[in-house]
file input22.cif (mmCIF, C-alpha atoms)
data_structure
#
loop_
_atom_site.label_atom_id
_atom_site.label_comp_id
_atom_site.auth_asym_id
_atom_site.auth_seq_id
_atom_site.Cartn_x
_atom_site.Cartn_y
_atom_site.Cartn_z
CA MET A 132 27.90 9.95 10.27
CA LYS A 133 26.47 6.51 9.59
CA SER A 134 25.33 6.14 5.98
CA THR A 135 21.78 5.05 5.14
CA THR A 136 21.15 1.98 3.00
CA ILE A 137 17.51 1.09 2.47
CA LEU A 138 16.12 -2.27 1.38
CA VAL A 139 12.61 -2.22 -0.12
CA ILE A 140 11.10 -5.73 -0.09
CA GLY A 141 8.17 -6.09 -2.46
CA ALA A 142 9.48 -3.26 -4.61
CA CYS A 143 7.50 -4.35 -7.68
CA GLY A 144 4.12 -4.16 -5.96
CA GLN A 145 1.38 -1.59 -5.54
CA ILE A 146 3.11 0.55 -2.93
CA GLY A 147 6.70 -0.57 -3.48
CA SER A 148 6.93 0.52 -7.10
CA GLU A 149 6.21 4.16 -6.18
CA LEU A 150 7.82 4.19 -2.74
CA THR A 151 11.14 2.98 -4.18
CA ILE A 152 11.20 5.94 -6.58
CA ALA A 153 10.39 8.39 -3.77
CA LEU A 154 13.09 6.94 -1.51
CA ARG A 155 15.68 7.18 -4.28
CA LYS A 156 14.83 10.82 -4.84
CA ARG A 157 15.44 11.45 -1.14
CA HIS A 158 18.45 9.20 -0.49
CA GLY A 159 20.01 8.64 -3.92
CA ASN A 160 19.78 5.68 -6.28
CA ALA A 161 22.85 3.95 -4.85
CA ASN A 162 21.42 3.92 -1.34
CA VAL A 163 18.08 2.21 -2.08
CA ILE A 164 18.00 -1.48 -3.01
CA ALA A 165 14.83 -2.80 -4.66
CA ALA A 166 14.07 -6.45 -3.91
CA ASP A 167 11.31 -8.78 -5.04
CA ARG A 168 10.75 -12.30 -6.37
CA PRO A 169 11.18 -11.71 -10.16
CA ALA A 170 14.61 -12.79 -11.40
CA GLU A 171 15.45 -9.45 -12.97
CA ILE A 172 13.98 -6.03 -13.69
CA SER A 173 14.96 -4.25 -16.90
CA GLY A 174 17.14 -1.21 -16.24
CA GLU A 175 17.35 -1.87 -12.49
CA ALA A 176 20.97 -1.63 -11.34
CA ARG A 177 20.14 -1.80 -7.62
CA TYR A 178 17.81 -4.78 -7.74
CA ARG A 179 18.11 -8.06 -5.86
CA GLN A 180 16.01 -11.17 -6.26
CA LEU A 181 14.69 -12.10 -2.82
CA ASP A 182 12.20 -14.47 -1.24
CA VAL A 183 11.33 -12.92 2.12
CA LEU A 184 10.40 -16.39 3.40
CA ASN A 185 14.05 -17.45 3.00
CA MET A 186 15.46 -15.91 6.17
CA SER A 187 19.06 -16.91 5.50
CA MET A 188 18.91 -15.23 2.07
CA LEU A 189 17.45 -12.12 3.70
CA ALA A 190 20.08 -12.07 6.47
CA ASP A 191 22.92 -12.47 3.95
CA LEU A 192 21.60 -9.63 1.78
CA VAL A 193 21.20 -7.29 4.76
CA ARG A 194 24.72 -8.11 5.95
CA GLN A 195 26.42 -7.90 2.56
CA GLU A 196 24.80 -4.61 1.58
CA GLN A 197 25.12 -3.11 5.08
CA VAL A 198 21.40 -2.32 5.11
CA THR A 199 20.27 0.11 7.82
CA GLN A 200 16.52 0.30 7.10
CA ILE A 201 13.96 -2.15 5.70
CA TYR A 202 10.59 -1.34 4.14
CA LEU A 203 8.63 -4.60 4.04
CA LEU A 204 5.83 -4.32 1.48
CA ALA A 205 5.51 -7.92 0.28
CA ALA A 206 2.02 -9.22 1.10
CA MET A 207 -1.00 -11.04 -0.28
CA LEU A 208 -4.00 -8.70 -0.14
CA SER A 209 -7.56 -9.32 1.01
CA ALA A 210 -9.41 -10.67 -2.01
CA THR A 211 -6.50 -12.72 -3.34
CA GLY A 212 -5.72 -13.99 0.16
CA GLU A 213 -9.20 -15.44 0.57
CA GLN A 214 -8.56 -17.63 -2.46
CA ASN A 215 -5.41 -19.12 -0.92
CA THR A 216 -5.55 -18.65 2.83
CA GLY A 217 -2.54 -20.80 3.71
CA ALA A 218 -0.21 -19.01 1.33
CA ALA A 219 -1.55 -15.62 2.45
CA TRP A 220 -0.90 -16.36 6.12
CA LYS A 221 2.56 -17.75 5.40
CA LEU A 222 3.69 -14.76 3.35
CA ASN A 223 2.10 -12.06 5.46
CA MET A 224 3.02 -13.46 8.87
CA ASN A 225 6.26 -15.37 8.37
CA GLY A 226 7.63 -12.69 6.08
CA LEU A 227 7.19 -10.08 8.81
CA LEU A 228 8.72 -12.32 11.48
CA ASP A 229 11.75 -12.98 9.27
CA VAL A 230 12.33 -9.26 8.83
CA LEU A 231 11.86 -8.47 12.51
CA LYS A 232 14.29 -11.22 13.54
CA VAL A 233 16.96 -10.16 11.03
CA ALA A 234 16.53 -6.47 11.78
CA SER A 235 16.82 -7.08 15.51
CA ALA A 236 19.82 -9.41 15.21
CA GLN A 237 21.70 -7.03 12.92
CA ARG A 238 20.62 -3.93 14.85
CA LEU A 239 19.02 -2.03 12.00
CA ASP A 240 18.01 1.58 12.53
CA LYS A 241 14.37 1.33 11.38
CA VAL A 242 11.76 -0.98 9.88
CA PHE A 243 8.57 0.04 8.08
CA TRP A 244 5.69 -2.40 7.73
CA PRO A 245 2.20 -1.55 6.45
CA SER A 246 -0.96 -2.58 8.23
CA SER A 247 -4.47 -1.99 6.88
CA ILE A 248 -8.06 -1.02 7.64
CA ALA A 249 -8.68 -4.75 7.13
CA ILE A 250 -7.89 -5.23 10.84
CA PHE A 251 -11.34 -3.82 11.57
CA GLY A 252 -14.49 -5.89 11.28
CA PRO A 253 -18.28 -5.91 11.61
CA GLY A 254 -18.12 -4.95 15.29
CA SER A 255 -15.87 -1.94 14.75
CA PRO A 256 -17.45 1.54 14.56
CA LYS A 257 -18.53 2.28 10.99
CA HIS A 258 -17.96 6.04 11.09
CA LEU A 259 -14.75 7.76 12.23
CA CYS A 260 -13.40 4.44 13.46
CA PRO A 261 -10.97 5.30 16.28
CA GLN A 262 -7.37 4.27 16.77
CA ASP A 263 -8.18 1.94 19.65
CA THR A 264 -11.40 0.00 19.31
CA LEU A 265 -12.86 -3.47 18.83
CA THR A 266 -11.17 -5.25 15.93
CA GLU A 267 -12.76 -8.32 14.38
CA PRO A 268 -10.91 -8.96 11.10
CA ASN A 269 -12.91 -11.25 8.83
CA THR A 270 -10.21 -12.09 6.26
CA VAL A 271 -6.87 -13.88 6.53
CA TYR A 272 -5.27 -10.66 5.33
CA GLY A 273 -6.87 -8.69 8.18
CA ILE A 274 -6.01 -11.34 10.76
CA SER A 275 -2.38 -11.37 9.66
CA LYS A 276 -2.21 -7.58 9.80
CA ARG A 277 -3.68 -7.41 13.31
CA ALA A 278 -1.31 -10.09 14.57
CA GLY A 279 1.55 -8.33 12.79
CA GLU A 280 0.80 -5.08 14.62
CA TYR A 281 1.32 -6.83 17.94
CA TRP A 282 4.56 -8.41 16.71
CA CYS A 283 5.84 -4.96 15.72
CA ASN A 284 5.00 -3.60 19.15
CA TYR A 285 6.60 -6.67 20.78
CA TYR A 286 9.90 -6.16 18.97
CA PHE A 287 9.87 -2.47 19.89
CA GLU A 288 9.15 -3.18 23.56
CA LYS A 289 11.32 -6.29 24.00
CA HIS A 290 14.19 -5.68 21.57
CA GLY A 291 14.25 -1.90 21.12
CA LEU A 292 13.67 -2.20 17.36
CA ASP A 293 12.34 1.02 15.84
CA VAL A 294 9.39 -0.40 13.89
CA ARG A 295 6.84 2.01 12.40
CA SER A 296 3.55 1.27 10.71
CA ILE A 297 0.48 2.76 9.04
CA ARG A 298 -2.98 1.26 8.61
CA TYR A 299 -3.45 2.09 4.94
CA PRO A 300 -6.94 2.58 3.53
CA GLY A 301 -7.65 1.63 -0.09
CA LEU A 302 -4.94 3.09 -2.32
CA ILE A 303 -5.49 4.71 -5.73
CA SER A 304 -2.67 5.13 -8.25
CA TYR A 305 -2.25 5.80 -11.97
CA THR A 306 1.07 3.94 -12.18
CA SER A 307 0.94 1.00 -9.76
CA PRO A 308 -0.44 -2.42 -10.71
CA LEU A 309 -3.63 -3.71 -9.10
CA GLY A 310 -2.78 -5.74 -6.03
CA GLY A 311 -5.75 -8.10 -5.60
CA GLY A 312 -7.47 -6.01 -2.94
CA THR A 313 -11.12 -5.32 -2.19
CA THR A 314 -10.70 -1.63 -3.06
CA ASP A 315 -9.19 -2.27 -6.51
CA TYR A 316 -12.40 -1.04 -8.16
CA ALA A 317 -11.32 2.52 -7.36
CA VAL A 318 -8.35 2.10 -9.72
CA ALA A 319 -9.88 -0.04 -12.48
CA ILE A 320 -12.84 2.34 -12.82
CA PHE A 321 -10.60 5.11 -14.17
CA HIS A 322 -9.05 2.92 -16.86
CA GLN A 323 -12.44 1.65 -17.97
CA ALA A 324 -13.88 5.18 -17.95
CA LEU A 325 -11.19 6.34 -20.34
CA GLU A 326 -11.16 3.22 -22.51
CA GLN A 327 -14.86 2.30 -22.68
CA GLN A 328 -16.76 5.06 -20.85
CA SER A 329 -18.35 2.36 -18.70
CA TYR A 330 -17.50 0.13 -15.75
CA SER A 331 -19.00 -2.91 -14.01
CA CYS A 332 -18.38 -2.57 -10.27
CA PHE A 333 -17.99 -5.58 -7.94
CA LEU A 334 -19.27 -3.58 -4.93
CA GLU A 335 -22.72 -2.18 -4.23
CA GLU A 336 -23.18 1.45 -5.20
CA ASP A 337 -23.44 2.80 -1.62
CA THR A 338 -20.51 0.86 -0.09
CA CYS A 339 -18.51 3.69 1.44
CA LEU A 340 -14.86 2.91 2.26
CA PRO A 341 -11.78 4.86 3.38
CA MET A 342 -9.46 5.61 0.46
CA MET A 343 -6.25 7.51 -0.23
CA TYR A 344 -4.48 8.81 -3.32
CA MET A 345 -1.05 7.22 -3.67
CA PRO A 346 0.93 10.50 -3.52
CA ASP A 347 -0.57 11.12 -0.08
CA ALA A 348 0.20 7.54 1.01
CA ILE A 349 3.84 7.80 -0.09
CA ARG A 350 4.26 11.16 1.62
CA ALA A 351 2.69 9.86 4.82
CA THR A 352 5.08 6.91 4.85
CA LEU A 353 8.12 9.13 4.41
CA GLU A 354 6.91 11.60 7.03
CA LEU A 355 6.35 8.86 9.59
CA MET A 356 9.76 7.30 8.93
CA GLU A 357 11.51 10.67 9.16
CA ALA A 358 9.73 11.76 12.36
CA PRO A 359 11.87 11.86 15.53
CA ALA A 360 11.47 8.63 17.51
CA GLU A 361 9.94 10.43 20.48
CA GLN A 362 7.05 11.63 18.28
CA VAL A 363 6.14 8.08 17.23
CA LYS A 364 3.97 7.13 20.18
CA ILE A 365 2.05 4.22 18.64
CA ARG A 366 4.08 1.10 17.92
CA THR A 367 1.30 -1.14 16.67
CA SER A 368 0.10 0.90 13.67
CA TYR A 369 -1.35 4.37 13.05
CA ASN A 370 -4.83 4.98 11.67
CA LEU A 371 -4.54 7.09 8.51
CA SER A 372 -7.32 8.86 6.67
CA ALA A 373 -7.80 11.06 3.61
CA LEU A 374 -10.94 10.23 1.58
CA SER A 375 -14.15 8.28 2.14
CA PHE A 376 -16.49 7.61 -0.75
CA SER A 377 -18.74 5.00 -2.33
CA PRO A 378 -18.67 3.73 -5.92
CA CYS A 379 -21.59 5.97 -6.83
CA ASP A 380 -19.74 9.01 -5.37
CA LEU A 381 -16.67 8.19 -7.44
CA ALA A 382 -18.75 7.60 -10.57
CA ALA A 383 -20.43 11.00 -10.15
CA ALA A 384 -17.04 12.71 -9.78
CA ILE A 385 -15.74 10.98 -12.92
CA ARG A 386 -18.89 11.92 -14.83
CA LYS A 387 -18.05 15.61 -14.33
CA HIS A 388 -15.07 15.00 -16.62
CA ILE A 389 -16.55 12.24 -18.81
CA PRO A 390 -20.30 13.00 -19.07
CA ALA A 391 -21.07 9.82 -21.02
CA PHE A 392 -19.59 7.55 -18.33
CA GLU A 393 -21.92 4.78 -17.12
CA ILE A 394 -21.56 2.36 -14.22
CA ALA A 395 -23.30 -0.92 -13.43
CA TYR A 396 -23.23 -2.76 -10.11
CA ARG A 397 -22.67 -6.51 -9.94
CA PRO A 398 -21.48 -7.29 -6.38
CA ASP A 399 -19.40 -10.42 -5.90
CA SER A 400 -17.63 -12.03 -2.93
CA ARG A 401 -15.64 -8.86 -2.28
CA GLN A 402 -18.83 -7.08 -1.19
CA ALA A 403 -18.97 -9.18 1.99
CA ILE A 404 -15.39 -8.19 2.83
CA ALA A 405 -16.04 -4.49 2.24
CA ALA A 406 -19.26 -4.57 4.28
CA GLY A 407 -17.26 -5.46 7.38
CA TRP A 408 -14.91 -2.48 7.12
CA PRO A 409 -15.46 1.06 8.44
CA ALA A 410 -16.79 3.77 6.15
CA SER A 411 -14.42 6.37 7.58
CA ILE A 412 -11.38 6.52 9.87
CA ASN A 413 -10.39 8.78 12.76
CA ASP A 414 -6.66 9.51 12.40
CA VAL A 415 -6.25 12.18 15.08
CA SER A 416 -3.24 10.37 16.60
CA ALA A 417 -1.25 10.60 13.36
CA ARG A 418 -2.16 14.26 13.00
CA LEU A 419 -1.12 15.10 16.55
CA ASP A 420 1.97 12.90 16.86
CA TRP A 421 3.76 13.57 13.57
CA GLY A 422 1.71 16.20 11.77
CA TRP A 423 -0.11 14.11 9.16
CA GLU A 424 -2.46 15.98 6.84
CA PRO A 425 -3.76 14.79 3.43
CA ALA A 426 -3.39 16.98 0.34
CA PHE A 427 -6.02 15.44 -1.99
CA ASP A 428 -9.81 15.40 -1.72
CA LEU A 429 -12.14 13.47 -4.04
CA GLU A 430 -12.36 16.17 -6.71
CA THR A 431 -8.62 16.87 -6.90
CA MET A 432 -7.80 13.16 -6.87
CA VAL A 433 -10.21 12.39 -9.72
CA SER A 434 -8.93 15.30 -11.78
CA ASP A 435 -5.29 14.31 -11.27
CA MET A 436 -5.96 10.63 -12.02
CA LEU A 437 -7.74 11.37 -15.29
CA GLU A 438 -5.14 13.91 -16.37
CA ASN A 439 -2.24 11.53 -15.77
CA LEU A 440 -3.97 8.46 -17.20
CA GLY A 441 -4.98 10.49 -20.25
CA ALA A 442 -1.36 11.48 -20.80
CA ILE A 443 -0.28 7.84 -20.44
CA LYS A 444 -2.99 6.75 -22.88
CA ARG A 445 -1.77 9.23 -25.48
CA GLU A 446 1.88 8.29 -25.06
CA ARG A 447 1.35 4.55 -25.15
CA GLU A 448 -0.15 4.83 -28.61
CA ASN A 449 3.49 4.52 -29.65
CA PRO A 450 4.18 0.84 -28.76
CA ARG A 451 7.94 1.39 -28.78
CA ASN A 452 7.66 3.47 -25.60
CA TRP A 453 5.41 1.33 -23.40
CA VAL A 454 4.82 -2.14 -22.06
CA HIS A 455 1.38 -3.21 -20.81
CA ASP A 456 0.19 -6.00 -18.53
CA ASP A 457 -3.24 -7.34 -17.65
CA ASN A 458 -3.54 -5.16 -14.53
CA TYR A 459 -3.71 -1.92 -16.52
CA PHE A 460 -0.11 -1.20 -15.54
CA PHE A 461 1.76 0.91 -18.07
CA THR A 462 5.47 1.49 -17.66
CA ARG A 463 7.83 3.52 -19.79
CA ILE A 464 10.54 1.13 -20.94
CA ASP A 465 13.23 3.77 -20.46
CA GLU A 466 12.10 4.31 -16.83
CA ALA A 467 11.47 0.71 -15.76
#

call {"tool": "encode", "arguments": {"input": "input22.cif", "output": "structure tokens"}}
result
Amino acid sequence: MKSTTILVIGACGQIGSELTIALRKRHGNANVIAADRPAEISGEARYRQLDVLNMSMLADLVRQEQVTQIYLLAAMLSATGEQNTGAAWKLNMNGLLDVLKVASAQRLDKVFWPSSIAIFGPGSPKHLCPQDTLTEPNTVYGISKRAGEYWCNYYFEKHGLDVRSIRYPGLISYTSPLGGGTTDYAVAIFHQALEQQSYSCFLEEDTCLPMMYMPDAIRATLELMEAPAEQVKIRTSYNLSALSFSPCDLAAAIRKHIPAFEIAYRPDSRQAIAAGWPASINDVSARLDWGWEPAFDLETMVSDMLENLGAIKRERENPRNWVHDDNYFFTRIDEA
């Protein structure tokens, strides 16, 4: 039987940091290679420095390590991308094309690439936005994701490459760093609630957006990648849904646990981005094709986030155990 060797590109990012751990639990540490741009990661034996825009470096790594699957997670997200549109397009688009070319040439088994609800725009249905509908992305991030979906389908149709993709909603995690996205408020709010019992939100209070708790997102990714090929009927990208809420909904749910919590609303440029996205997503295709079903609702997500962040807060009081960066990202040194 052919062995599986997985390369996770962008392994230090919002999704990659948790997905790498999940993949290693499933396939073993030796069979999952973490790759990203930092020169080294403390305690990481299976780590490779990689610039996905250097295709020869990528091809050499895939060949030398006998990689059979690639998870491409390196990207510049919506809000950050609007500040540097050229760099965002180059990373998001050329990085994907490099991976597709190398994977096709070296006949890899599978490729995973994430799309986003950012492909939708002001003309898309606001409620239960369907799988196939008008898409008018209004950010470079969204444009790159929509174009990328068609490239994935092209390589499947023309080259037989088994590419699979999910349109992620906003992702919420108690371990991952903030990624520069428009939905980052839904992570930062928890840290501020615990630290200061208050938060200043950059979106309007009633801006409802699709969201997902990271454990559900990781499980969905693994389930899609492990589904038999004949069940994967969409080769652009699957709609995926779990939660839909506004900042005031989230604040009310947090207040049930922290009664003194207060929130203020000071919308900035990210409000215009969020206003163009759907409030909820119809993901019936994912449910029918490969059995997707979320496990967390708003109440269980909020409870789990606060419980885990509270435990982290208590443990990090001992500075010998934790390192901290400006994105509210706390990592146990002995687990980094």

call {"tool": "resolve_selection", "arguments": {"input": "input22.cif", "expression": "the PyMOL selection byres ((chain A and resi 242-259) around 6)", "output": "PDB file with C-alpha atoms, in the frame of the given file"}}
result
ATOM      1  CA  GLN A 200      16.520   0.300   7.100  1.00  0.00           C
ATOM      2  CA  ILE A 201      13.960  -2.150   5.700  1.00  0.00           C
ATOM      3  CA  TYR A 202      10.590  -1.340   4.140  1.00  0.00           C
ATOM      4  CA  LEU A 203       8.630  -4.600   4.040  1.00  0.00           C
ATOM      5  CA  LYS A 241      14.370   1.330  11.380  1.00  0.00           C
ATOM      6  CA  CYS A 260     -13.400   4.440  13.460  1.00  0.00           C
ATOM      7  CA  LEU A 265     -12.860  -3.470  18.830  1.00  0.00           C
ATOM      8  CA  THR A 266     -11.170  -5.250  15.930  1.00  0.00           C
ATOM      9  CA  GLU A 267     -12.760  -8.320  14.380  1.00  0.00           C
ATOM     10  CA  PRO A 268     -10.910  -8.960  11.100  1.00  0.00           C
ATOM     11  CA  GLY A 273      -6.870  -8.690   8.180  1.00  0.00           C
ATOM     12  CA  LYS A 276      -2.210  -7.580   9.800  1.00  0.00           C
ATOM     13  CA  ARG A 277      -3.680  -7.410  13.310  1.00  0.00           C
ATOM     14  CA  VAL A 294       9.390  -0.400  13.890  1.00  0.00           C
ATOM     15  CA  ARG A 295       6.840   2.010  12.400  1.00  0.00           C
ATOM     16  CA  SER A 296       3.550   1.270  10.710  1.00  0.00           C
ATOM     17  CA  ILE A 297       0.480   2.760   9.040  1.00  0.00           C
ATOM     18  CA  ARG A 298      -2.980   1.260   8.610  1.00  0.00           C
ATOM     19  CA  TYR A 299      -3.450   2.090   4.940  1.00  0.00           C
ATOM     20  CA  PRO A 300      -6.940   2.580   3.530  1.00  0.00           C
ATOM     21  CA  GLY A 407     -17.260  -5.460   7.380  1.00  0.00           C
ATOM     22  CA  TRP A 408     -14.910  -2.480   7.120  1.00  0.00           C
ATOM     23  CA  PRO A 409     -15.460   1.060   8.440  1.00  0.00           C
ATOM     24  CA  ALA A 410     -16.790   3.770   6.150  1.00  0.00           C
ATOM     25  CA  SER A 411     -14.420   6.370   7.580  1.00  0.00           C
ATOM     26  CA  ILE A 412     -11.380   6.520   9.870  1.00  0.00           C
ATOM     27  CA  ASN A 413     -10.390   8.780  12.760  1.00  0.00           C
TER      28      ASN A 413
END

call {"tool": "resolve_selection", "arguments": {"input": "input22.cif", "expression": "the PyMOL selection byres ((chain A and resi 363) around 10)", "output": "VMD selection string"}}
result
chain A and resid 293 to 296 355 to 356 358 to 362 364 to 366 369 416 to 417 420 to 421

call {"tool": "closest_residue", "arguments": {"input": "input22.cif", "among": "A:Gly311, A:Phe287, A:Asn160, A:Ile394", "to": "Ala206 of chain A", "atoms": "only C-alpha atoms"}}
result
A:Gly311

call {"tool": "residues_near_point", "arguments": {"input": "input22.cif", "point": "(26.8, -2.8, 0.7)", "cutoff": "10 Å", "atoms": "only C-alpha atoms", "output": "list of chain:residue names"}}
result
A:Thr136, A:Ala161, A:Asn162, A:Ile164, A:Leu192, A:Val193, A:Arg194, A:Gln195, A:Glu196, A:Gln197, A:Val198

call {"tool": "closest_residue", "arguments": {"input": "input22.cif", "among": "A:Val183, A:Val271, A:Leu302, A:Leu419", "to": "Gly217 of chain A", "atoms": "all atoms listed in the file"}}
result
A:Val271

call {"tool": "build_atoms", "arguments": {"input": "input22.cif", "residues": "segment 406-427 of chain A", "atoms": "N, CA and C atoms", "output": "CSV table (one decimal), in the coordinates of the input"}}
result
chain,number,residue,atom,x,y,z
A,406,ALA,N,-18.2,-4.9,3.4
A,406,ALA,CA,-19.3,-4.6,4.3
A,406,ALA,C,-18.8,-4.6,5.7
A,407,GLY,N,-17.8,-5.4,6.0
A,407,GLY,CA,-17.3,-5.5,7.4
A,407,GLY,C,-16.3,-4.4,7.8
A,408,TRP,N,-15.9,-3.5,6.8
A,408,TRP,CA,-14.9,-2.5,7.1
A,408,TRP,C,-15.6,-1.1,7.4
A,409,PRO,N,-14.9,-0.3,8.2
A,409,PRO,CA,-15.5,1.1,8.4
A,409,PRO,C,-15.6,1.9,7.2
A,410,ALA,N,-16.6,2.8,7.3
A,410,ALA,CA,-16.8,3.8,6.2
A,410,ALA,C,-15.8,5.0,6.2
A,411,SER,N,-15.4,5.3,7.4
A,411,SER,CA,-14.4,6.4,7.6
A,411,SER,C,-13.6,6.1,8.8
A,412,ILE,N,-12.4,6.8,8.9
A,412,ILE,CA,-11.4,6.5,9.9
A,412,ILE,C,-11.0,7.8,10.6
A,413,ASN,N,-10.9,7.7,11.9
A,413,ASN,CA,-10.4,8.8,12.8
A,413,ASN,C,-8.9,8.6,12.9
A,414,ASP,N,-8.1,9.6,12.4
A,414,ASP,CA,-6.7,9.5,12.4
A,414,ASP,C,-6.0,10.6,13.2
A,415,VAL,N,-6.7,11.0,14.3
A,415,VAL,CA,-6.2,12.2,15.1
A,415,VAL,C,-4.9,11.9,15.7
A,416,SER,N,-4.5,10.7,16.0
A,416,SER,CA,-3.2,10.4,16.6
A,416,SER,C,-2.1,10.7,15.6
A,417,ALA,N,-2.3,10.3,14.4
A,417,ALA,CA,-1.2,10.6,13.4
A,417,ALA,C,-1.1,12.1,13.2
A,418,ARG,N,-2.2,12.8,13.2
A,418,ARG,CA,-2.2,14.3,13.0
A,418,ARG,C,-1.5,15.0,14.2
A,419,LEU,N,-1.7,14.5,15.4
A,419,LEU,CA,-1.1,15.1,16.6
A,419,LEU,C,0.3,14.7,16.7
A,420,ASP,N,0.6,13.4,16.5
A,420,ASP,CA,2.0,12.9,16.9
A,420,ASP,C,3.0,13.3,15.9
A,421,TRP,N,2.7,13.2,14.6
A,421,TRP,CA,3.8,13.6,13.6
A,421,TRP,C,3.3,14.4,12.4
A,422,GLY,N,2.1,15.1,12.7
A,422,GLY,CA,1.7,16.2,11.8
A,422,GLY,C,1.1,15.8,10.5
A,423,TRP,N,0.5,14.6,10.4
A,423,TRP,CA,-0.1,14.1,9.2
A,423,TRP,C,-1.3,15.0,8.7
A,424,GLU,N,-1.3,15.3,7.4
A,424,GLU,CA,-2.5,16.0,6.8
A,424,GLU,C,-2.5,15.6,5.3
A,425,PRO,N,-3.7,15.1,4.8
A,425,PRO,CA,-3.8,14.8,3.4
A,425,PRO,C,-3.8,16.0,2.5
A,426,ALA,N,-3.4,15.9,1.3
A,426,ALA,CA,-3.4,17.0,0.3
A,426,ALA,C,-4.5,16.9,-0.7
A,427,PHE,N,-5.0,15.7,-0.9
A,427,PHE,CA,-6.0,15.4,-2.0
A,427,PHE,C,-7.4,15.1,-1.4
